[in-house]
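So this one's run_26.cif, mmCIF, C-alpha atoms and all ligand atoms; chains and numbers go by the auth columns:
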data_data
#
loop_
_atom_site.group_PDB
_atom_site.id
_atom_site.type_symbol
_atom_site.label_atom_id
_atom_site.label_comp_id
_atom_site.label_asym_id
_atom_site.label_seq_id
_atom_site.Cartn_x
_atom_site.Cartn_y
_atom_site.Cartn_z
_atom_site.B_iso_or_equiv
_atom_site.auth_seq_id
_atom_site.auth_asym_id
ATOM 1 C CA MET A 1 0.000 0.000 0.000 0.00 1 A
ATOM 2 C CA SER A 2 2.741 2.461 0.905 0.00 2 A
ATOM 3 C CA ARG A 3 4.145 2.221 -2.589 0.00 3 A
ATOM 4 C CA TYR A 4 0.852 3.281 -4.072 0.00 4 A
ATOM 5 C CA PHE A 5 0.422 6.014 -1.526 0.00 5 A
ATOM 6 C CA THR A 6 3.796 7.493 -2.382 0.00 6 A
ATOM 7 C CA TRP A 7 2.973 7.174 -6.027 0.00 7 A
ATOM 8 C CA LEU A 8 -0.353 8.946 -5.575 0.00 8 A
ATOM 9 C CA LEU A 9 1.399 11.812 -3.862 0.00 9 A
ATOM 10 C CA LEU A 10 3.704 12.048 -6.823 0.00 10 A
ATOM 11 C CA VAL A 11 0.727 12.170 -9.124 0.00 11 A
ATOM 12 C CA ALA A 12 -0.899 14.860 -7.042 0.00 12 A
ATOM 13 C CA PHE A 13 2.110 17.111 -7.417 0.00 13 A
ATOM 14 C CA GLN A 14 2.761 16.425 -11.048 0.00 14 A
ATOM 15 C CA ILE A 15 -0.784 16.714 -12.227 0.00 15 A
ATOM 16 C CA THR A 16 -1.421 18.736 -15.337 0.00 16 A
ATOM 17 C CA ALA A 17 -5.078 19.404 -15.500 0.00 17 A
ATOM 18 C CA CYS A 18 -7.144 20.830 -18.245 0.00 18 A
ATOM 19 C CA GLY A 19 -8.295 24.229 -17.258 0.00 19 A
ATOM 20 C CA GLY A 20 -11.636 23.243 -18.755 0.00 20 A
ATOM 21 C CA GLY A 21 -12.872 24.642 -21.983 0.00 21 A
ATOM 22 C CA GLY A 22 -10.648 27.613 -22.308 0.00 22 A
ATOM 23 C CA GLY A 23 -10.436 28.770 -18.757 0.00 23 A
ATOM 24 C CA GLY A 24 -7.545 29.141 -16.716 0.00 24 A
ATOM 25 C CA GLY A 25 -5.066 26.907 -15.236 0.00 25 A
ATOM 26 C CA SER A 26 -1.751 26.411 -16.759 0.00 26 A
ATOM 27 C CA GLY A 27 -0.236 23.264 -15.365 0.00 27 A
ATOM 28 C CA ALA A 28 3.136 24.316 -14.087 0.00 28 A
ATOM 29 C CA THR A 29 6.012 22.070 -15.016 0.00 29 A
ATOM 30 C CA ALA A 30 9.648 22.644 -14.233 0.00 30 A
ATOM 31 C CA THR A 31 11.058 22.152 -17.706 0.00 31 A
ATOM 32 C CA PRO A 32 8.872 22.566 -20.771 0.00 32 A
ATOM 33 C CA PRO A 33 9.501 20.059 -23.536 0.00 33 A
ATOM 34 C CA PRO A 34 10.975 21.352 -26.786 0.00 34 A
ATOM 35 C CA VAL A 35 8.570 23.028 -29.170 0.00 35 A
ATOM 36 C CA SER A 36 8.991 20.147 -31.588 0.00 36 A
ATOM 37 C CA PHE A 37 7.610 17.631 -29.089 0.00 37 A
ATOM 38 C CA CYS A 38 4.124 17.703 -30.495 0.00 38 A
ATOM 39 C CA SER A 39 5.147 17.607 -34.152 0.00 39 A
ATOM 40 C CA THR A 40 7.592 14.727 -34.007 0.00 40 A
ATOM 41 C CA GLN A 41 5.170 12.073 -32.803 0.00 41 A
ATOM 42 C CA THR A 42 3.343 9.581 -34.954 0.00 42 A
ATOM 43 C CA PHE A 43 -0.130 8.161 -34.571 0.00 43 A
ATOM 44 C CA THR A 44 -1.174 4.529 -34.821 0.00 44 A
ATOM 45 C CA ASP A 45 -3.444 3.687 -37.727 0.00 45 A
ATOM 46 C CA PRO A 46 -6.925 3.846 -36.141 0.00 46 A
ATOM 47 C CA ALA A 47 -7.796 0.455 -37.636 0.00 47 A
ATOM 48 C CA ALA A 48 -5.001 -1.051 -35.559 0.00 48 A
ATOM 49 C CA SER A 49 -5.565 1.043 -32.434 0.00 49 A
ATOM 50 C CA PRO A 50 -6.165 -0.867 -29.192 0.00 50 A
ATOM 51 C CA TYR A 51 -8.266 2.034 -27.860 0.00 51 A
ATOM 52 C CA VAL A 52 -11.984 2.737 -28.168 0.00 52 A
ATOM 53 C CA LEU A 53 -13.792 5.905 -27.164 0.00 53 A
ATOM 54 C CA PRO A 54 -14.518 5.660 -23.430 0.00 54 A
ATOM 55 C CA TRP A 55 -18.289 5.891 -23.557 0.00 55 A
ATOM 56 C CA ASN A 56 -21.386 3.926 -24.563 0.00 56 A
ATOM 57 C CA MET A 57 -21.511 2.566 -28.063 0.00 57 A
ATOM 58 C CA GLY A 58 -23.770 4.825 -30.098 0.00 58 A
ATOM 59 C CA ALA A 59 -23.312 7.843 -27.835 0.00 59 A
ATOM 60 C CA SER A 60 -21.574 10.970 -29.116 0.00 60 A
ATOM 61 C CA TYR A 61 -19.478 13.626 -27.454 0.00 61 A
ATOM 62 C CA THR A 62 -17.444 16.563 -28.711 0.00 62 A
ATOM 63 C CA MET A 63 -13.686 16.683 -28.290 0.00 63 A
ATOM 64 C CA PHE A 64 -13.234 20.337 -27.364 0.00 64 A
ATOM 65 C CA GLN A 65 -9.588 20.582 -26.303 0.00 65 A
ATOM 66 C CA GLY A 66 -7.070 18.371 -28.016 0.00 66 A
ATOM 67 C CA ASN A 67 -3.430 17.492 -28.320 0.00 67 A
ATOM 68 C CA CYS A 68 -0.987 20.329 -27.794 0.00 68 A
ATOM 69 C CA SER A 69 -3.729 22.924 -27.637 0.00 69 A
ATOM 70 C CA THR A 70 -2.026 26.247 -27.169 0.00 70 A
ATOM 71 C CA LEU A 71 -4.258 27.342 -24.306 0.00 71 A
ATOM 72 C CA GLY A 72 -4.810 25.681 -20.984 0.00 72 A
ATOM 73 C CA GLY A 73 -3.335 22.517 -19.617 0.00 73 A
ATOM 74 C CA HIS A 74 -2.794 20.721 -22.940 0.00 74 A
ATOM 75 C CA LYS A 75 0.029 22.981 -24.066 0.00 75 A
ATOM 76 C CA ASP A 76 3.018 20.828 -25.089 0.00 76 A
ATOM 77 C CA THR A 77 1.313 17.542 -24.318 0.00 77 A
ATOM 78 C CA PHE A 78 -1.051 14.962 -25.739 0.00 78 A
ATOM 79 C CA ALA A 79 -4.516 14.790 -24.179 0.00 79 A
ATOM 80 C CA TYR A 80 -8.138 14.935 -25.210 0.00 80 A
ATOM 81 C CA ASP A 81 -10.996 16.669 -23.373 0.00 81 A
ATOM 82 C CA PHE A 82 -14.454 15.300 -24.121 0.00 82 A
ATOM 83 C CA ASP A 83 -17.644 17.115 -23.142 0.00 83 A
ATOM 84 C CA LEU A 84 -19.209 14.391 -21.030 0.00 84 A
ATOM 85 C CA GLY A 85 -21.783 15.767 -18.598 0.00 85 A
ATOM 86 C CA MET A 86 -21.949 15.356 -14.863 0.00 86 A
ATOM 87 C CA GLY A 87 -22.706 11.715 -14.092 0.00 87 A
ATOM 88 C CA ASP A 88 -22.207 10.346 -17.588 0.00 88 A
ATOM 89 C CA PRO A 89 -20.605 6.884 -17.449 0.00 89 A
ATOM 90 C CA VAL A 90 -16.938 6.454 -18.336 0.00 90 A
ATOM 91 C CA PHE A 91 -15.820 3.074 -19.659 0.00 91 A
ATOM 92 C CA ALA A 92 -12.421 1.450 -20.042 0.00 92 A
ATOM 93 C CA SER A 93 -10.915 2.282 -23.412 0.00 93 A
ATOM 94 C CA ARG A 94 -8.637 -0.747 -23.273 0.00 94 A
ATOM 95 C CA GLU A 95 -8.143 -3.744 -21.046 0.00 95 A
ATOM 96 C CA GLY A 96 -5.576 -3.529 -18.297 0.00 96 A
ATOM 97 C CA GLN A 97 -4.969 -3.260 -14.594 0.00 97 A
ATOM 98 C CA VAL A 98 -6.108 -0.423 -12.359 0.00 98 A
ATOM 99 C CA ILE A 99 -2.956 1.018 -10.792 0.00 99 A
ATOM 100 C CA ALA A 100 -4.481 3.959 -8.925 0.00 100 A
ATOM 101 C CA VAL A 101 -7.907 5.299 -8.061 0.00 101 A
ATOM 102 C CA ASN A 102 -9.054 8.320 -6.108 0.00 102 A
ATOM 103 C CA ASP A 103 -12.508 9.827 -5.921 0.00 103 A
ATOM 104 C CA GLN A 104 -12.533 11.743 -2.654 0.00 104 A
ATOM 105 C CA PHE A 105 -12.531 15.295 -3.985 0.00 105 A
ATOM 106 C CA SER A 106 -15.653 17.418 -4.369 0.00 106 A
ATOM 107 C CA ASP A 107 -16.760 18.413 -7.823 0.00 107 A
ATOM 108 C CA ASP A 108 -16.678 22.154 -7.865 0.00 108 A
ATOM 109 C CA ASP A 109 -13.708 23.411 -5.878 0.00 109 A
ATOM 110 C CA HIS A 110 -11.630 24.016 -9.057 0.00 110 A
ATOM 111 C CA ILE A 111 -8.400 23.345 -7.148 0.00 111 A
ATOM 112 C CA GLU A 112 -5.475 21.902 -9.092 0.00 112 A
ATOM 113 C CA GLY A 113 -4.448 18.607 -7.520 0.00 113 A
ATOM 114 C CA HIS A 114 -8.036 17.791 -6.494 0.00 114 A
ATOM 115 C CA GLU A 115 -8.768 15.781 -9.627 0.00 115 A
ATOM 116 C CA ASN A 116 -10.453 12.413 -9.147 0.00 116 A
ATOM 117 C CA ASN A 117 -8.821 9.807 -11.359 0.00 117 A
ATOM 118 C CA VAL A 118 -8.663 6.238 -12.500 0.00 118 A
ATOM 119 C CA PHE A 119 -5.305 5.089 -13.929 0.00 119 A
ATOM 120 C CA ILE A 120 -5.131 1.892 -15.973 0.00 120 A
ATOM 121 C CA GLU A 121 -1.917 0.220 -17.114 0.00 121 A
ATOM 122 C CA HIS A 122 -1.992 -1.935 -20.241 0.00 122 A
ATOM 123 C CA ALA A 123 0.025 -4.960 -21.313 0.00 123 A
ATOM 124 C CA ASP A 124 2.499 -2.802 -23.242 0.00 124 A
ATOM 125 C CA SER A 125 3.145 -0.655 -20.122 0.00 125 A
ATOM 126 C CA THR A 126 1.220 2.352 -21.428 0.00 126 A
ATOM 127 C CA VAL A 127 -1.144 4.028 -18.980 0.00 127 A
ATOM 128 C CA ILE A 128 -4.382 5.933 -19.503 0.00 128 A
ATOM 129 C CA ARG A 129 -5.637 8.418 -16.982 0.00 129 A
ATOM 130 C CA TYR A 130 -9.347 9.183 -16.774 0.00 130 A
ATOM 131 C CA THR A 131 -9.643 12.491 -14.951 0.00 131 A
ATOM 132 C CA HIS A 132 -12.090 14.949 -13.326 0.00 132 A
ATOM 133 C CA LEU A 133 -14.381 12.062 -12.287 0.00 133 A
ATOM 134 C CA MET A 134 -17.347 12.760 -10.025 0.00 134 A
ATOM 135 C CA GLN A 135 -16.805 12.502 -6.302 0.00 135 A
ATOM 136 C CA GLY A 136 -17.528 9.034 -4.956 0.00 136 A
ATOM 137 C CA SER A 137 -18.206 7.569 -8.384 0.00 137 A
ATOM 138 C CA ALA A 138 -15.268 5.193 -8.895 0.00 138 A
ATOM 139 C CA GLU A 139 -16.424 1.676 -9.713 0.00 139 A
ATOM 140 C CA VAL A 140 -13.004 -0.012 -9.677 0.00 140 A
ATOM 141 C CA LEU A 141 -10.306 -0.717 -7.125 0.00 141 A
ATOM 142 C CA THR A 142 -6.527 -0.550 -7.347 0.00 142 A
ATOM 143 C CA GLY A 143 -5.153 -3.864 -8.554 0.00 143 A
ATOM 144 C CA GLN A 144 -8.338 -4.840 -10.352 0.00 144 A
ATOM 145 C CA GLN A 145 -8.205 -6.145 -13.905 0.00 145 A
ATOM 146 C CA VAL A 146 -10.616 -4.508 -16.318 0.00 146 A
ATOM 147 C CA VAL A 147 -11.633 -5.343 -19.836 0.00 147 A
ATOM 148 C CA GLN A 148 -12.495 -2.893 -22.549 0.00 148 A
ATOM 149 C CA GLY A 149 -15.938 -1.460 -21.854 0.00 149 A
ATOM 150 C CA ASP A 150 -15.964 -1.974 -18.086 0.00 150 A
ATOM 151 C CA LEU A 151 -17.543 0.886 -16.143 0.00 151 A
ATOM 152 C CA LEU A 152 -14.817 2.882 -14.379 0.00 152 A
ATOM 153 C CA GLY A 153 -16.792 5.739 -12.856 0.00 153 A
ATOM 154 C CA LEU A 154 -18.817 8.807 -13.739 0.00 154 A
ATOM 155 C CA ALA A 155 -17.727 12.016 -15.393 0.00 155 A
ATOM 156 C CA GLY A 156 -17.545 15.019 -13.121 0.00 156 A
ATOM 157 C CA ASN A 157 -15.930 18.351 -12.454 0.00 157 A
ATOM 158 C CA SER A 158 -13.283 17.633 -9.829 0.00 158 A
ATOM 159 C CA GLY A 159 -10.013 19.528 -9.658 0.00 159 A
ATOM 160 C CA ASN A 160 -8.798 22.189 -12.057 0.00 160 A
ATOM 161 C CA SER A 161 -11.771 22.159 -14.361 0.00 161 A
ATOM 162 C CA ALA A 162 -14.107 24.869 -15.581 0.00 162 A
ATOM 163 C CA GLY A 163 -17.013 22.510 -16.149 0.00 163 A
ATOM 164 C CA PRO A 164 -17.873 18.806 -16.271 0.00 164 A
ATOM 165 C CA HIS A 165 -15.818 16.890 -18.801 0.00 165 A
ATOM 166 C CA LEU A 166 -13.470 13.928 -19.187 0.00 166 A
ATOM 167 C CA HIS A 167 -9.730 14.513 -19.488 0.00 167 A
ATOM 168 C CA PHE A 168 -8.277 11.473 -21.251 0.00 168 A
ATOM 169 C CA GLN A 169 -4.524 11.124 -21.489 0.00 169 A
ATOM 170 C CA ALA A 170 -2.167 8.312 -22.457 0.00 170 A
ATOM 171 C CA PHE A 171 1.374 7.913 -21.135 0.00 171 A
ATOM 172 C CA ARG A 172 4.297 5.857 -22.385 0.00 172 A
ATOM 173 C CA ASP A 173 4.600 4.132 -19.017 0.00 173 A
ATOM 174 C CA ARG A 174 4.028 4.708 -15.324 0.00 174 A
ATOM 175 C CA SER A 175 7.443 6.292 -14.721 0.00 175 A
ATOM 176 C CA SER A 176 6.060 9.802 -15.069 0.00 176 A
ATOM 177 C CA PHE A 177 2.752 11.553 -15.544 0.00 177 A
ATOM 178 C CA ASN A 178 4.398 14.764 -16.564 0.00 178 A
ATOM 179 C CA LYS A 179 3.601 16.248 -19.954 0.00 179 A
ATOM 180 C CA PRO A 180 6.632 14.898 -21.897 0.00 180 A
ATOM 181 C CA ASN A 181 5.741 11.298 -21.097 0.00 181 A
ATOM 182 C CA ALA A 182 2.342 11.593 -22.769 0.00 182 A
ATOM 183 C CA ILE A 183 1.865 9.832 -26.097 0.00 183 A
ATOM 184 C CA PRO A 184 -0.474 10.416 -29.025 0.00 184 A
ATOM 185 C CA ILE A 185 -3.219 7.869 -29.602 0.00 185 A
ATOM 186 C CA THR A 186 -6.069 7.146 -31.960 0.00 186 A
ATOM 187 C CA PHE A 187 -9.338 5.237 -31.513 0.00 187 A
ATOM 188 C CA SER A 188 -10.511 2.264 -33.518 0.00 188 A
ATOM 189 C CA ASN A 189 -14.203 3.188 -33.290 0.00 189 A
ATOM 190 C CA ALA A 190 -14.345 6.986 -33.575 0.00 190 A
ATOM 191 C CA VAL A 191 -17.042 7.937 -36.076 0.00 191 A
ATOM 192 C CA GLY A 192 -16.467 11.514 -37.201 0.00 192 A
ATOM 193 C CA GLN A 193 -13.912 13.513 -39.117 0.00 193 A
ATOM 194 C CA THR A 194 -10.319 13.062 -37.987 0.00 194 A
ATOM 195 C CA ALA A 195 -6.970 14.308 -39.213 0.00 195 A
ATOM 196 C CA ALA A 196 -5.279 12.148 -41.860 0.00 196 A
ATOM 197 C CA SER A 197 -3.207 10.650 -39.052 0.00 197 A
ATOM 198 C CA GLY A 198 -6.338 9.559 -37.210 0.00 198 A
ATOM 199 C CA GLU A 199 -5.864 12.224 -34.551 0.00 199 A
ATOM 200 C CA LEU A 200 -9.122 13.619 -33.210 0.00 200 A
ATOM 201 C CA LEU A 201 -9.925 17.235 -34.060 0.00 201 A
ATOM 202 C CA GLU A 202 -11.167 19.944 -31.728 0.00 202 A
ATOM 203 C CA GLY A 203 -14.820 20.843 -32.092 0.00 203 A
ATOM 204 C CA VAL A 204 -15.825 17.580 -33.761 0.00 204 A
ATOM 205 C CA LEU A 205 -18.600 15.350 -32.411 0.00 205 A
ATOM 206 C CA TYR A 206 -17.478 11.726 -32.206 0.00 206 A
ATOM 207 C CA MET A 207 -19.761 8.740 -31.974 0.00 207 A
ATOM 208 C CA ALA A 208 -18.507 5.501 -30.491 0.00 208 A
ATOM 209 C CA GLY A 209 -19.081 3.054 -33.304 0.00 209 A
ATOM 210 C CA GLY A 210 -19.267 -0.705 -33.164 0.00 210 A
HETATM 211 ZN ZN ZN B . -7.747 18.080 -20.327 0.00 301 A
#
Can you give me the file's structure in the form of structure tokens?
Amino acid sequence: MSRYFTWLLLVAFQITACGGGGGGGSGATATPPPVSFCSTQTFTDPAASPYVLPWNMGASYTMFQGNCSTLGGHKDTFAYDFDLGMGDPVFASREGQVIAVNDQFSDDDHIEGHENNVFIEHADSTVIRYTHLMQGSAEVLTGQQVVQGDLLGLAGNSGNSAGPHLHFQAFRDRSSFNKPNAIPITFSNAVGQTAASGELLEGVLYMAGG
């Protein structure tokens, strides 16, 4: 347990939250990555992606703040913000093991570091964080195995967030949840216009296809 506790503290101090849909918070990091960080990454062909959109099949949400967005907490990092509403279910995008969960923070204090999260590690050591979850809504426990589509919790507005949404971010491994360790991903079932690379585009409504 102590290992996870220490790790959670690390997460709490390294967190880089969204700043919602254009508001506020710039996640402070000690050393910004080079400007080229965002342009030198490649995306997996969506047809071969192990990830699906983290909501009900047939439901649609808009991705309103994307990779390396120049404003807010996505500057110089890869992350997607989806406009899920308060209490909307969040499902596992990929099978893996839950390596950390917290859901103790209230939903509207807007304090950086008060994000409720589920972190899932996959077989290739990548990790997805599902962030800003609703207080008390986590449906999984640390150490639990999940399969794609398992209910993880409910979308909320915890931490540095201007309004309810889901911050979805992939990392190369669990060694760091700082911005430079984030990686770009695509989704195998995103129905809606994407970039040629398969990257999701800001302002586009995406349906979770079959
Ligand atoms: Zn975000």
Translate the PyMOL selection byres (((chain A and resi 205-209) around 8) and not hetatm) into a concrete residue list for this structure, as a compact mmCIF listing (two decimals) with C-alpha atoms, in the coordinates of the input.
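Output file selection-v2.txt follows:
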# COMPACT_ATOMS: atom_id res chain seq x y z
CA VAL A 52 -11.98 2.74 -28.17
CA LEU A 53 -13.79 5.90 -27.16
CA TRP A 55 -18.29 5.89 -23.56
CA ASN A 56 -21.39 3.93 -24.56
CA MET A 57 -21.51 2.57 -28.06
CA GLY A 58 -23.77 4.82 -30.10
CA ALA A 59 -23.31 7.84 -27.84
CA SER A 60 -21.57 10.97 -29.12
CA TYR A 61 -19.48 13.63 -27.45
CA THR A 62 -17.44 16.56 -28.71
CA MET A 63 -13.69 16.68 -28.29
CA ASN A 189 -14.20 3.19 -33.29
CA ALA A 190 -14.34 6.99 -33.58
CA VAL A 191 -17.04 7.94 -36.08
CA GLY A 192 -16.47 11.51 -37.20
CA GLN A 193 -13.91 13.51 -39.12
CA GLY A 203 -14.82 20.84 -32.09
CA VAL A 204 -15.82 17.58 -33.76
CA GLY A 210 -19.27 -0.70 -33.16
10 Å shell around ligand ZN 301 (chain A) using all atoms listed in the file, listed as a PyMOL selection string = chain A and resi 16-21+64-67+69+72-75+77-82+130-132+160-161+165-169
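All residues of protein, DNA or RNA that reach within 10 Å of Asn102 (chain A), judged by only C-alpha atoms and not counting those fewer than 6 positions away in the chain, are A:Leu8, A:His114, A:Glu115, A:Asn116, A:Asn117, A:Val118, A:Phe119, A:Thr131, A:Leu133, A:Gln135, A:Gly136, A:Ser137, A:Ala138, A:Val140, A:Leu141, A:Thr142.
CA of Thr126 (chain A) is found 4.8 Å from CA of Arg172 (chain A).
Coordinates place CA of Leu84 (chain A) at a distance of 24.8 Å from CA of Thr44 (chain A).
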task = To one decimal in Å, tell me the separation between CA of Ala100 (chain A) and CA of Leu151 (chain A).
result =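 These atoms are spaced 15.2 Å apart.
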Selection near Gly96 (chain A), 9 Å with only C-alpha atoms, sequence-local residues under 5 positions removed, as a compact mmCIF listing (two decimals) with C-alpha atoms, in the coordinates of the input:
# COMPACT_ATOMS: atom_id res chain seq x y z
CA ILE A 120 -5.13 1.89 -15.97
CA GLU A 121 -1.92 0.22 -17.11
CA HIS A 122 -1.99 -1.94 -20.24
CA ALA A 123 0.02 -4.96 -21.31
CA VAL A 127 -1.14 4.03 -18.98
CA GLN A 144 -8.34 -4.84 -10.35
CA GLN A 145 -8.20 -6.14 -13.90
CA VAL A 146 -10.62 -4.51 -16.32
CA VAL A 147 -11.63 -5.34 -19.84
CA GLN A 148 -12.50 -2.89 -22.55
task = Any chance you could resolve the PyMOL selection byres (((chain A and resi 94) around 6) and not hetatm) against this file and give the residues as a list in words?
result =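 That expression, the PyMOL selection byres (((chain A and resi 94) around 6) and not hetatm), corresponds here to Tyr51, Ala92, Ser93, Glu95 and Gln148 of chain A.
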query = Between A:Glu202, A:Ala170, A:Pro89, A:Gln104, which is the closest to Thr186 (chain A) once you count only C-alpha atoms?
reply = A:Ala170
inquiry  = I'd like the neighbourhood of Ser197 (chain A) as a ChimeraX atom specification, where a residue qualifies if any of its atoms comes within 10 Å (using only C-alpha atoms), though same-chain residues fewer than 4 positions away should be ignored.
reply    = /A:42-46,185-186
query = Could you write out as a ChimeraX atom specification the residues that the PyMOL selection byres (((chain A and resi 38) around 7) and not hetatm) matches in the shown file?
reply = /A:36-37,39-41,68,76-77
inquiry  = Using all atoms listed in the file, which protein or nucleic acid residues come within 7 Å of Asp107 (chain A)? Drop anything in the same chain fewer than 5 positions from it, and give the result as a PyMOL selection string.
reply    = chain A and resi 134-135+156-158
